[in-house]
file model.cif (mmCIF, C-alpha atoms and all ligand atoms)
data_protein
loop_
_atom_site.label_atom_id
_atom_site.label_comp_id
_atom_site.auth_asym_id
_atom_site.auth_seq_id
_atom_site.Cartn_x
_atom_site.Cartn_y
_atom_site.Cartn_z
CA MET A 1 4.45 -90.56 -20.85
CA SER A 2 0.94 -89.42 -20.00
CA TRP A 3 -0.54 -86.80 -17.68
CA ASP A 4 -3.88 -86.81 -15.94
CA LEU A 5 -4.92 -83.47 -17.40
CA GLU A 6 -8.27 -83.31 -15.60
CA LYS A 7 -6.66 -83.86 -12.22
CA ILE A 8 -3.99 -81.23 -12.94
CA LYS A 9 -6.68 -78.73 -13.89
CA THR A 10 -8.61 -79.30 -10.63
CA ASP A 11 -5.37 -79.11 -8.66
CA ILE A 12 -4.45 -75.78 -10.23
CA ALA A 13 -7.91 -74.37 -9.56
CA ALA A 14 -7.82 -75.56 -5.93
CA ASP A 15 -4.27 -74.26 -5.33
CA VAL A 16 -5.07 -70.86 -6.83
CA GLN A 17 -8.25 -70.57 -4.81
CA ALA A 18 -6.43 -71.53 -1.60
CA ALA A 19 -3.84 -68.76 -2.09
CA GLY A 20 -5.11 -66.05 0.24
CA ALA A 21 -2.27 -63.59 -0.34
CA LEU A 22 0.09 -62.53 -3.10
CA ASP A 23 3.10 -64.47 -1.76
CA ALA A 24 1.07 -67.69 -1.54
CA LEU A 25 -0.12 -67.08 -5.09
CA GLU A 26 3.48 -66.63 -6.23
CA ALA A 27 4.30 -70.05 -4.74
CA VAL A 28 1.44 -71.53 -6.77
CA ARG A 29 2.79 -69.82 -9.90
CA LEU A 30 6.25 -71.29 -9.32
CA LYS A 31 4.73 -74.74 -8.71
CA TYR A 32 3.15 -74.78 -12.17
CA LEU A 33 4.88 -72.17 -14.32
CA GLY A 34 8.26 -71.68 -12.63
CA LYS A 35 11.46 -73.04 -14.27
CA LYS A 36 11.21 -76.21 -12.22
CA GLY A 37 7.44 -76.24 -12.28
CA LEU A 38 5.01 -78.70 -13.78
CA VAL A 39 4.47 -76.98 -17.13
CA PRO A 40 8.20 -76.90 -18.12
CA GLU A 41 8.37 -80.49 -16.94
CA MET A 42 5.52 -81.37 -19.28
CA TYR A 43 7.27 -79.65 -22.18
CA ALA A 44 10.53 -81.40 -21.33
CA GLY A 45 8.76 -84.76 -21.53
CA LEU A 46 7.84 -84.05 -25.14
CA GLY A 47 11.40 -84.74 -26.34
CA SER A 48 11.19 -88.45 -25.63
CA ALA A 49 7.68 -88.86 -27.01
CA SER A 50 6.78 -90.21 -30.42
CA ALA A 51 5.56 -87.83 -33.11
CA GLU A 52 2.06 -89.17 -32.56
CA GLU A 53 2.15 -88.60 -28.78
CA LYS A 54 3.88 -85.27 -29.15
CA LYS A 55 0.85 -83.60 -30.67
CA ALA A 56 -1.54 -84.65 -27.91
CA LEU A 57 0.93 -84.04 -25.08
CA GLY A 58 1.92 -80.67 -26.50
CA LYS A 59 -1.68 -79.55 -26.66
CA GLY A 60 -2.25 -80.79 -23.10
CA ALA A 61 0.78 -78.85 -21.81
CA ASN A 62 -0.35 -75.70 -23.64
CA ASP A 63 -3.86 -75.99 -22.14
CA ILE A 64 -2.44 -76.38 -18.65
CA LYS A 65 -0.10 -73.39 -19.16
CA VAL A 66 -2.93 -71.14 -20.39
CA LEU A 67 -5.26 -72.26 -17.61
CA ALA A 68 -2.61 -71.69 -14.91
CA GLU A 69 -1.74 -68.24 -16.29
CA THR A 70 -5.39 -67.22 -16.56
CA LEU A 71 -6.45 -68.41 -13.10
CA ILE A 72 -3.38 -66.89 -11.43
CA ALA A 73 -3.92 -63.52 -13.16
CA GLU A 74 -7.60 -63.46 -12.12
CA ARG A 75 -6.75 -64.37 -8.55
CA LYS A 76 -4.08 -61.69 -8.47
CA ALA A 77 -6.59 -59.04 -9.55
CA ALA A 78 -9.12 -60.26 -6.98
CA LEU A 79 -6.55 -60.16 -4.18
CA ALA A 80 -5.47 -56.63 -5.19
CA LEU A 81 -9.08 -55.45 -5.13
CA SER A 82 -9.84 -56.83 -1.68
CA ALA A 83 -6.56 -55.36 -0.39
CA LYS A 84 -7.73 -51.99 -1.67
CA LYS A 85 -11.15 -52.42 -0.06
CA ALA A 86 -9.55 -53.34 3.25
CA GLU A 87 -7.47 -50.22 2.99
CA ALA A 88 -10.60 -48.11 2.35
CA LEU A 89 -12.11 -49.52 5.54
CA ASP A 90 -9.05 -48.89 7.66
CA VAL A 91 -10.71 -48.19 10.99
CA THR A 92 -7.44 -46.92 12.45
CA LEU A 93 -7.41 -43.89 10.14
CA PRO A 94 -8.29 -40.59 11.87
CA GLY A 95 -11.93 -39.59 11.25
CA VAL A 96 -13.12 -36.69 9.12
CA GLN A 97 -13.56 -33.66 11.35
CA ARG A 98 -16.72 -31.68 10.68
CA GLY A 99 -16.71 -28.20 12.14
CA LEU A 100 -19.42 -27.59 14.72
CA GLY A 101 -21.53 -24.58 13.87
CA SER A 102 -22.40 -21.84 16.33
CA ARG A 103 -25.44 -19.73 17.02
CA HIS A 104 -25.79 -16.88 14.54
CA LEU A 105 -24.70 -13.52 15.94
CA ILE A 106 -28.22 -12.16 15.44
CA ASP A 107 -29.72 -14.96 17.53
CA GLN A 108 -27.03 -14.45 20.15
CA THR A 109 -27.79 -10.72 20.29
CA ILE A 110 -31.55 -11.34 20.56
CA ASP A 111 -30.94 -13.82 23.39
CA GLU A 112 -28.65 -11.42 25.26
CA ILE A 113 -31.04 -8.47 24.98
CA CYS A 114 -34.11 -10.55 25.86
CA GLU A 115 -32.28 -12.00 28.85
CA VAL A 116 -31.73 -8.54 30.32
CA PHE A 117 -35.46 -7.83 30.07
CA GLN A 118 -36.43 -11.32 31.24
CA ASN A 119 -34.38 -10.72 34.38
CA MET A 120 -36.55 -7.64 34.94
CA GLY A 121 -39.73 -9.72 34.70
CA PHE A 122 -40.58 -9.41 31.00
CA VAL A 123 -41.98 -12.45 29.20
CA ILE A 124 -41.06 -13.36 25.61
CA GLN A 125 -43.94 -13.40 23.10
CA ARG A 126 -43.92 -13.79 19.33
CA GLY A 127 -46.19 -12.48 16.61
CA PRO A 128 -46.70 -13.62 13.01
CA GLU A 129 -44.46 -12.35 10.20
CA ILE A 130 -47.45 -12.27 7.85
CA GLU A 131 -49.71 -9.57 9.20
CA SER A 132 -52.86 -7.67 8.33
CA GLU A 133 -53.10 -3.95 7.72
CA PHE A 134 -55.13 -3.79 10.90
CA TYR A 135 -52.35 -5.01 13.19
CA ASN A 136 -49.43 -3.50 11.27
CA PHE A 137 -51.09 -0.07 10.86
CA SER A 138 -54.66 0.75 11.88
CA ALA A 139 -54.53 -0.65 15.39
CA LEU A 140 -51.30 1.28 15.91
CA ASN A 141 -52.99 4.56 15.00
CA ILE A 142 -51.18 4.73 11.66
CA PRO A 143 -53.76 6.41 9.41
CA LEU A 144 -54.76 5.19 5.95
CA ASP A 145 -52.81 7.99 4.28
CA HIS A 146 -49.59 7.50 6.27
CA PRO A 147 -46.63 7.15 3.87
CA SER A 148 -45.41 3.90 5.44
CA ARG A 149 -48.62 2.23 4.23
CA ASP A 150 -47.52 2.93 0.71
CA SER A 151 -46.48 -0.16 -1.18
CA PHE A 152 -43.00 1.31 -1.53
CA ASP A 153 -42.45 0.89 2.19
CA THR A 154 -44.30 -2.33 2.81
CA PHE A 155 -44.26 -5.73 1.14
CA TYR A 156 -47.87 -6.51 0.30
CA LEU A 157 -48.69 -10.13 -0.40
CA ASP A 158 -50.77 -11.36 -3.27
CA ALA A 159 -53.24 -12.69 -0.69
CA LYS A 160 -56.48 -11.15 0.46
CA ASP A 161 -57.03 -10.51 4.16
CA PRO A 162 -59.85 -12.91 5.11
CA ASP A 163 -60.96 -10.49 7.85
CA ALA A 164 -61.03 -7.22 5.89
CA VAL A 165 -62.79 -6.74 2.57
CA GLY A 166 -60.52 -5.46 -0.20
CA ARG A 167 -57.41 -5.53 2.02
CA HIS A 168 -54.25 -7.53 1.45
CA LEU A 169 -52.00 -9.34 3.87
CA LEU A 170 -48.44 -8.05 4.20
CA LEU A 171 -45.05 -8.83 5.70
CA ARG A 172 -44.90 -6.92 8.97
CA SER A 173 -42.69 -3.86 8.71
CA HIS A 174 -42.09 -3.70 12.47
CA THR A 175 -42.67 -5.81 15.57
CA SER A 176 -45.13 -3.28 17.04
CA PRO A 177 -48.23 -5.20 15.77
CA GLY A 178 -47.25 -7.79 18.39
CA GLN A 179 -48.25 -5.25 21.07
CA VAL A 180 -51.87 -5.30 19.95
CA ARG A 181 -51.97 -9.09 19.60
CA VAL A 182 -50.58 -9.55 23.10
CA MET A 183 -53.06 -7.07 24.61
CA GLN A 184 -55.99 -8.71 22.85
CA LYS A 185 -55.08 -12.03 24.45
CA ASN A 186 -53.97 -10.84 27.91
CA LYS A 187 -55.39 -8.50 30.48
CA PRO A 188 -53.08 -5.98 32.19
CA PRO A 189 -50.79 -5.79 34.07
CA LEU A 190 -48.30 -7.25 31.61
CA ALA A 191 -44.71 -6.85 30.52
CA VAL A 192 -43.63 -8.54 27.28
CA ILE A 193 -40.72 -8.55 24.92
CA ILE A 194 -41.39 -9.48 21.27
CA PRO A 195 -38.37 -10.36 19.09
CA GLY A 196 -38.64 -11.21 15.42
CA LYS A 197 -38.00 -10.58 11.73
CA VAL A 198 -39.40 -7.52 9.96
CA TYR A 199 -39.46 -6.65 6.27
CA ARG A 200 -39.15 -3.44 4.26
CA PRO A 201 -38.57 -2.93 0.55
CA ASP A 202 -35.44 -0.85 1.13
CA ALA A 203 -32.67 -0.81 -1.45
CA VAL A 204 -29.97 -3.03 0.03
CA ASP A 205 -26.72 -1.32 1.01
CA ALA A 206 -24.21 -1.48 3.88
CA SER A 207 -26.79 -0.36 6.43
CA HIS A 208 -30.15 -1.38 4.86
CA SER A 209 -31.68 -4.75 4.22
CA PHE A 210 -35.13 -5.89 3.09
CA MET A 211 -35.25 -8.11 6.18
CA PHE A 212 -33.90 -7.40 9.63
CA HIS A 213 -34.77 -8.06 13.26
CA GLN A 214 -36.42 -5.95 15.92
CA ILE A 215 -37.17 -6.38 19.58
CA GLU A 216 -40.35 -4.78 20.82
CA GLY A 217 -41.14 -4.13 24.45
CA LEU A 218 -44.50 -3.39 26.07
CA LEU A 219 -45.44 -2.82 29.68
CA VAL A 220 -49.00 -2.05 30.77
CA ASN A 221 -50.14 -1.39 34.30
CA ARG A 222 -51.80 1.35 36.27
CA ASN A 223 -50.16 4.74 36.66
CA VAL A 224 -47.16 3.93 34.50
CA THR A 225 -45.17 7.08 33.73
CA PHE A 226 -42.48 8.21 31.34
CA ALA A 227 -40.13 8.11 34.36
CA ASP A 228 -40.74 4.36 34.58
CA LEU A 229 -39.88 4.01 30.90
CA LYS A 230 -36.74 6.06 31.37
CA GLY A 231 -35.73 4.06 34.43
CA LEU A 232 -36.24 0.74 32.69
CA LEU A 233 -34.36 1.71 29.52
CA THR A 234 -31.55 3.21 31.58
CA ALA A 235 -31.23 -0.04 33.53
CA PHE A 236 -31.19 -1.96 30.24
CA CYS A 237 -28.55 0.26 28.63
CA LYS A 238 -26.28 0.12 31.69
CA LYS A 239 -26.54 -3.64 31.80
CA TYR A 240 -26.10 -4.18 28.08
CA PHE A 241 -23.83 -1.35 26.95
CA GLY A 242 -21.80 -0.85 30.15
CA ALA A 243 -22.32 1.04 33.41
CA ASP A 244 -20.69 4.18 32.03
CA VAL A 245 -23.06 4.44 29.04
CA LYS A 246 -24.36 7.94 28.31
CA MET A 247 -27.99 8.28 27.19
CA ARG A 248 -30.22 10.98 25.83
CA PHE A 249 -33.95 10.87 25.15
CA ARG A 250 -34.66 12.96 22.05
CA PRO A 251 -38.32 13.93 21.43
CA HIS A 252 -39.70 12.20 18.35
CA PHE A 253 -43.00 11.24 16.79
CA PHE A 254 -44.52 7.77 16.53
CA PRO A 255 -48.25 7.40 15.88
CA PHE A 256 -48.64 4.63 18.45
CA THR A 257 -46.96 6.35 21.38
CA GLU A 258 -47.52 9.80 22.88
CA PRO A 259 -45.23 11.33 23.98
CA SER A 260 -42.50 9.54 22.02
CA ALA A 261 -38.73 9.69 22.02
CA GLU A 262 -35.71 8.22 20.35
CA VAL A 263 -32.85 7.11 22.55
CA ASP A 264 -29.25 7.88 21.59
CA ILE A 265 -26.31 6.49 23.50
CA GLN A 266 -22.55 6.83 23.75
CA SER A 267 -20.77 3.68 24.83
CA ASN A 268 -17.15 2.68 25.17
CA ILE A 269 -17.96 -0.77 23.82
CA PHE A 270 -18.72 0.68 20.38
CA LYS A 271 -15.42 0.27 18.61
CA GLY A 272 -14.24 3.41 16.89
CA ARG A 273 -17.38 5.38 17.78
CA ALA A 274 -16.21 6.97 21.03
CA GLY A 275 -17.91 10.28 21.77
CA LYS A 276 -20.59 9.81 19.07
CA TRP A 277 -24.34 9.82 19.82
CA LEU A 278 -25.85 6.76 18.19
CA GLU A 279 -29.57 6.15 17.92
CA ILE A 280 -30.57 2.72 19.20
CA LEU A 281 -34.30 2.68 19.80
CA GLY A 282 -37.69 4.36 19.65
CA CYS A 283 -40.05 4.48 22.62
CA GLY A 284 -42.97 6.26 24.24
CA MET A 285 -46.17 6.03 26.25
CA VAL A 286 -48.80 3.78 24.66
CA HIS A 287 -51.33 5.91 22.75
CA PRO A 288 -54.91 5.62 24.10
CA LYS A 289 -56.07 4.70 20.57
CA VAL A 290 -53.81 1.63 20.68
CA PHE A 291 -55.40 0.54 23.95
CA ALA A 292 -58.80 1.07 22.36
CA ALA A 293 -57.88 -0.95 19.26
CA ALA A 294 -56.74 -3.79 21.52
CA GLY A 295 -60.07 -3.63 23.34
CA TYR A 296 -58.60 -2.36 26.62
CA SER A 297 -60.45 -0.15 29.02
CA ALA A 298 -59.63 1.05 32.55
CA GLY A 299 -61.76 -1.72 34.03
CA ASP A 300 -59.43 -4.34 32.53
CA LEU A 301 -56.81 -3.82 35.18
CA ALA A 302 -56.55 -7.00 37.23
CA GLY A 303 -57.98 -6.65 40.74
CA SER A 304 -60.27 -4.00 39.34
CA THR A 305 -61.30 -2.81 42.78
CA GLU A 306 -58.16 -0.72 42.58
CA ALA A 307 -58.72 0.13 38.97
CA SER A 308 -60.67 3.22 39.81
CA SER A 309 -57.70 4.58 41.70
CA GLY A 310 -55.30 4.12 38.82
CA THR A 311 -55.15 5.02 35.18
CA LEU A 312 -54.56 2.33 32.56
CA SER A 313 -51.24 3.27 31.08
CA GLY A 314 -48.14 1.74 29.61
CA PHE A 315 -45.01 2.24 27.63
CA ALA A 316 -43.51 0.62 24.57
CA PHE A 317 -40.16 0.56 22.84
CA GLY A 318 -38.60 -0.98 19.76
CA MET A 319 -35.00 -1.54 18.75
CA GLY A 320 -33.16 -2.89 15.70
CA VAL A 321 -31.07 -5.96 16.44
CA GLU A 322 -28.68 -5.74 13.46
CA ARG A 323 -27.85 -2.14 14.29
CA ILE A 324 -27.02 -2.97 17.91
CA ALA A 325 -24.94 -6.02 16.92
CA MET A 326 -23.09 -3.94 14.31
CA LEU A 327 -22.30 -1.20 16.80
CA LYS A 328 -21.26 -3.64 19.50
CA HIS A 329 -19.00 -5.76 17.31
CA GLY A 330 -17.74 -3.08 14.94
CA ILE A 331 -19.41 -4.67 11.89
CA GLY A 332 -19.50 -2.31 8.94
CA ASP A 333 -21.92 -4.03 6.56
CA ILE A 334 -25.36 -5.45 7.37
CA ARG A 335 -25.11 -7.85 4.42
CA THR A 336 -22.45 -9.92 6.20
CA PHE A 337 -25.19 -11.30 8.47
CA VAL A 338 -26.84 -13.13 5.59
CA GLU A 339 -23.89 -13.97 3.35
CA ASN A 340 -23.25 -17.20 5.31
CA ASP A 341 -19.49 -16.83 5.16
CA VAL A 342 -18.19 -19.08 7.94
CA ARG A 343 -15.09 -16.92 8.33
CA PHE A 344 -17.44 -14.14 9.49
CA LEU A 345 -19.86 -16.34 11.43
CA LYS A 346 -17.32 -18.26 13.47
CA GLN A 347 -15.82 -15.11 14.96
CA PHE A 348 -18.76 -14.81 17.32
N1 LIG B 1 -41.98 0.39 15.35
C1 LIG B 1 -40.98 1.45 15.31
C2 LIG B 1 -40.15 1.28 14.03
O1 LIG B 1 -40.14 0.24 13.46
C3 LIG B 1 -40.08 1.39 16.50
C4 LIG B 1 -40.79 1.80 17.74
C5 LIG B 1 -40.86 3.11 18.12
C6 LIG B 1 -41.43 0.84 18.52
C7 LIG B 1 -41.51 3.51 19.26
C8 LIG B 1 -42.12 1.24 19.67
C9 LIG B 1 -42.16 2.60 20.03
O2 LIG B 1 -42.74 0.36 20.45
O3 LIG B 1 -42.79 2.95 21.16
O4 LIG B 1 -39.51 2.20 13.64
#

call {"tool": "encode", "arguments": {"input": "model.cif", "output": "structure tokens"}}
result
Amino acid sequence: MSWDLEKIKTDIAADVQAAGALDALEAVRLKYLGKKGLVPEMYAGLGSASAEEKKALGKGANDIKVLAETLIAERKAALALSAKKAEALDVTLPGVQRGLGSRHLIDQTIDEICEVFQNMGFVIQRGPEIESEFYNFSALNIPLDHPSRDSFDTFYLDAKDPDAVGRHLLLRSHTSPGQVRVMQKNKPPLAVIIPGKVYRPDAVDASHSFMFHQIEGLLVNRNVTFADLKGLLTAFCKKYFGADVKMRFRPHFFPFTEPSAEVDIQSNIFKGRAGKWLEILGCGMVHPKVFAAAGYSAGDLAGSTEASSGTLSGFAFGMGVERIAMLKHGIGDIRTFVENDVRFLKQF
């Protein structure tokens, strides 16, 4: 008996390749290697062969057996791999849900506060975080020997001020320099609100941070009085802290306003602080030296025909955003704003 070994080999290869799934491959295995398959049949034929033939036929049967086993095993592995890949691409699986972030509480608070003032006609302006000594201090009537100019209270940069010999740039320690910048660029009357980051080298603890946010306000017109300032801040506090808010204006000193006051309030929305006076902002009438530093004079009032009948005057105020957000939401530690813990952030 003789077998066409080459044809069998091509048949096996073709059958294996045609098997597109594991059950079809099993049928191919049975066809060649099963009990009634071709390979056992080849071995069975050896019995009737002569000793001479036996050797050649035996080798042929062995070759076919090894080839069939090898090709079937390879195909099996390939089919398993593509099954796995198909599984990995299962488009019916539910997608990965990525949590949507939210606006940071500080940004929300800035927006809310600014909105109250915007509804009263104030316009949002922004100043640079890197400032000069002129804007941060001198223009605000803060003298050269004032303690806040000391490097302990201000972050000075290792960068010279291109506009002032021997002076260094700094990170603004309040938003008040924005007042001067706005006045230099705009003639009165004006009403602006200036939100932004400020920096101070304070030791960090539950209520102090080296960076926090302030909102500055400035209104300049003719014949502006402290009563106007009081009226505006009262309207703001009622709107923002509730109609039953209690306020007190406590005399204070700021170099850039005269007279100056700090405002304390009692509000029912401050959790656990009922009946306590809490300071929320500083304010006052713009100091004439600040107008002078900004280059303002009485004649700058728009429609200056009337200017002679009115005095250039204005008021300013500044509040800390973190403090207000902490009071409003009962937050006990300023550091939670920058720790980026989503369990904290997503509450607001
Ligand atoms: N700049 C002051 C501070 O950082 C806050 C302040 C007080 C701003 C009185 C003002 C003001 O505009 O009139 O402590």

call {"tool": "closest_atom_pairs", "arguments": {"input": "model.cif", "of": "chain A", "to": "ligand LIG 1 (chain B)", "cutoff": "8 Å", "atoms": "all atoms listed in the file", "output": "tab-separated table"}}
result
residue	atom	partner	partner_atom	distance
A:Ser173	CA	B:LIG1	O1	6.8
A:His174	CA	B:LIG1	O1	4.5
A:Thr175	CA	B:LIG1	N1	6.2
A:Ser176	CA	B:LIG1	N1	5.1
A:Gln179	CA	B:LIG1	O2	7.9
A:Gln214	CA	B:LIG1	O1	7.6
A:Glu216	CA	B:LIG1	O2	5.7
A:Gly217	CA	B:LIG1	O2	6.2
A:Leu218	CA	B:LIG1	O2	7.0
A:Phe254	CA	B:LIG1	C7	5.9
A:Phe256	CA	B:LIG1	O3	6.7
A:Thr257	CA	B:LIG1	O3	5.4
A:Ser260	CA	B:LIG1	O3	6.7
A:Ala261	CA	B:LIG1	C7	7.3
A:Glu262	CA	B:LIG1	C7	7.6
A:Leu281	CA	B:LIG1	C3	6.8
A:Gly282	CA	B:LIG1	C5	3.7
A:Cys283	CA	B:LIG1	O3	3.5
A:Gly284	CA	B:LIG1	O3	4.5
A:Met285	CA	B:LIG1	O3	6.8
A:Val286	CA	B:LIG1	O3	7.0
A:Phe315	CA	B:LIG1	O3	6.9
A:Ala316	CA	B:LIG1	O3	4.2
A:Phe317	CA	B:LIG1	O2	3.5
A:Gly318	CA	B:LIG1	C6	3.6
A:Met319	CA	B:LIG1	C3	6.3
A:Gly320	CA	B:LIG1	O1	8.0

call {"tool": "closest_residue", "arguments": {"input": "model.cif", "among": "A:Lys238, A:Arg323, A:His104, A:His208", "to": "Arg335 in chain A", "atoms": "all atoms listed in the file"}}
result
A:His208

call {"tool": "closest_atom_pairs", "arguments": {"input": "model.cif", "of": "range 149-226 of chain A", "to": "range 119-133 of chain A", "cutoff": "8 Å", "atoms": "only C-alpha atoms", "output": "JSON lines"}}
result
{"residue": "A:Asp161", "atom": "CA", "partner": "A:Ser132", "partner_atom": "CA", "distance": 6.5}
{"residue": "A:Arg167", "atom": "CA", "partner": "A:Glu133", "partner_atom": "CA", "distance": 7.3}
{"residue": "A:His168", "atom": "CA", "partner": "A:Ser132", "partner_atom": "CA", "distance": 7.0}
{"residue": "A:Leu169", "atom": "CA", "partner": "A:Ser132", "partner_atom": "CA", "distance": 4.8}
{"residue": "A:Leu170", "atom": "CA", "partner": "A:Glu131", "partner_atom": "CA", "distance": 5.4}
{"residue": "A:Leu171", "atom": "CA", "partner": "A:Ile130", "partner_atom": "CA", "distance": 4.7}
{"residue": "A:Arg172", "atom": "CA", "partner": "A:Glu131", "partner_atom": "CA", "distance": 5.5}
{"residue": "A:Thr175", "atom": "CA", "partner": "A:Gly127", "partner_atom": "CA", "distance": 7.6}
{"residue": "A:Pro177", "atom": "CA", "partner": "A:Gly127", "partner_atom": "CA", "distance": 7.6}
{"residue": "A:Gly178", "atom": "CA", "partner": "A:Gly127", "partner_atom": "CA", "distance": 5.1}
{"residue": "A:Arg181", "atom": "CA", "partner": "A:Gly127", "partner_atom": "CA", "distance": 7.3}
{"residue": "A:Val182", "atom": "CA", "partner": "A:Gln125", "partner_atom": "CA", "distance": 7.7}
{"residue": "A:Ala191", "atom": "CA", "partner": "A:Phe122", "partner_atom": "CA", "distance": 4.9}
{"residue": "A:Val192", "atom": "CA", "partner": "A:Val123", "partner_atom": "CA", "distance": 4.7}
{"residue": "A:Ile193", "atom": "CA", "partner": "A:Ile124", "partner_atom": "CA", "distance": 4.9}
{"residue": "A:Ile194", "atom": "CA", "partner": "A:Gln125", "partner_atom": "CA", "distance": 5.0}
{"residue": "A:Pro195", "atom": "CA", "partner": "A:Arg126", "partner_atom": "CA", "distance": 6.5}
{"residue": "A:Gly196", "atom": "CA", "partner": "A:Arg126", "partner_atom": "CA", "distance": 7.1}
{"residue": "A:Lys197", "atom": "CA", "partner": "A:Glu129", "partner_atom": "CA", "distance": 6.9}
{"residue": "A:Val198", "atom": "CA", "partner": "A:Glu129", "partner_atom": "CA", "distance": 7.0}

call {"tool": "closest_residue", "arguments": {"input": "model.cif", "among": "A:Ala24, A:Ile215, A:Val180, A:Met247", "to": "Asn136 in chain A", "atoms": "all atoms listed in the file"}}
result
A:Val180

call {"tool": "residues_around", "arguments": {"input": "model.cif", "residues": "Lys59 in chain A", "least_positions_apart": "2", "cutoff": "12 Å", "atoms": "all atoms listed in the file", "output": "list in words"}}
result
Trp3, Leu5, Val39, Met42, Tyr43, Leu46, Glu52, Glu53, Lys54, Lys55, Ala56, Leu57, Ala61, Asn62, Asp63, Ile64, Lys65 and Val66 of chain A

call {"tool": "closest_residue", "arguments": {"input": "model.cif", "among": "A:Arg149, A:Lys84, A:His213, A:Lys289", "to": "Ile106 in chain A", "atoms": "all atoms listed in the file"}}
result
A:His213

call {"tool": "axis_aligned_box", "arguments": {"input": "model.cif", "around": "range 310-328 of chain A", "padding_each_side": "5 Å", "output": "JSON"}}
result
{"center_x": -38.3, "center_y": -0.5, "center_z": 26.1, "size_x": 44.0, "size_y": 21.0, "size_z": 35.4}

call {"tool": "residues_around", "arguments": {"input": "model.cif", "residues": "Phe210 in chain A", "least_positions_apart": "4", "cutoff": "7 Å", "atoms": "all atoms listed in the file", "output": "number ranges by chain"}}
result
A: 199-202, 204

call {"tool": "residues_around", "arguments": {"input": "model.cif", "residues": "Val16 in chain A", "least_positions_apart": "6", "cutoff": "7 Å", "atoms": "only C-alpha atoms", "output": "ChimeraX atom specification"}}
result
/A:25,28,71-72,75

call {"tool": "write_last_selection", "arguments": {"input": "model.cif", "atoms": "C-alpha atoms", "output": "short mmCIF file (atom, residue, chain, number, x, y, z; two decimals), in the coordinates of the input"}}
result
data_model
loop_
_atom_site.label_atom_id
_atom_site.label_comp_id
_atom_site.auth_asym_id
_atom_site.auth_seq_id
_atom_site.Cartn_x
_atom_site.Cartn_y
_atom_site.Cartn_z
CA LEU A 25 -0.12 -67.08 -5.09
CA VAL A 28 1.44 -71.53 -6.77
CA LEU A 71 -6.45 -68.41 -13.10
CA ILE A 72 -3.38 -66.89 -11.43
CA ARG A 75 -6.75 -64.37 -8.55
#

call {"tool": "atom_distance", "arguments": {"input": "model.cif", "atom1": "CA of Ala139 in chain A", "atom2": "CA of Ser297 in chain A"}}
result
14.9 Å

call {"tool": "closest_residue", "arguments": {"input": "model.cif", "among": "A:Val321, A:Ala164, A:Ile142, A:Gly310", "to": "His287 in chain A", "atoms": "only C-alpha atoms"}}
result
A:Ile142

call {"tool": "closest_residue", "arguments": {"input": "model.cif", "among": "A:Leu30, A:Tyr135, A:Thr154, A:Ser82", "to": "Asp15 in chain A", "atoms": "all atoms listed in the file"}}
result
A:Leu30

call {"tool": "atom_distance", "arguments": {"input": "model.cif", "atom1": "CA of Asn141 in chain A", "atom2": "CA of Pro288 in chain A"}}
result
9.4 Å

call {"tool": "atom_distance", "arguments": {"input": "model.cif", "atom1": "CA of Thr311 in chain A", "atom2": "CA of Pro189 in chain A"}}
result
11.7 Å

call {"tool": "closest_residue", "arguments": {"input": "model.cif", "among": "A:Gly314, A:Ile324, A:Ile8, A:Ala88", "to": "Ser267 in chain A", "atoms": "only C-alpha atoms"}}
result
A:Ile324
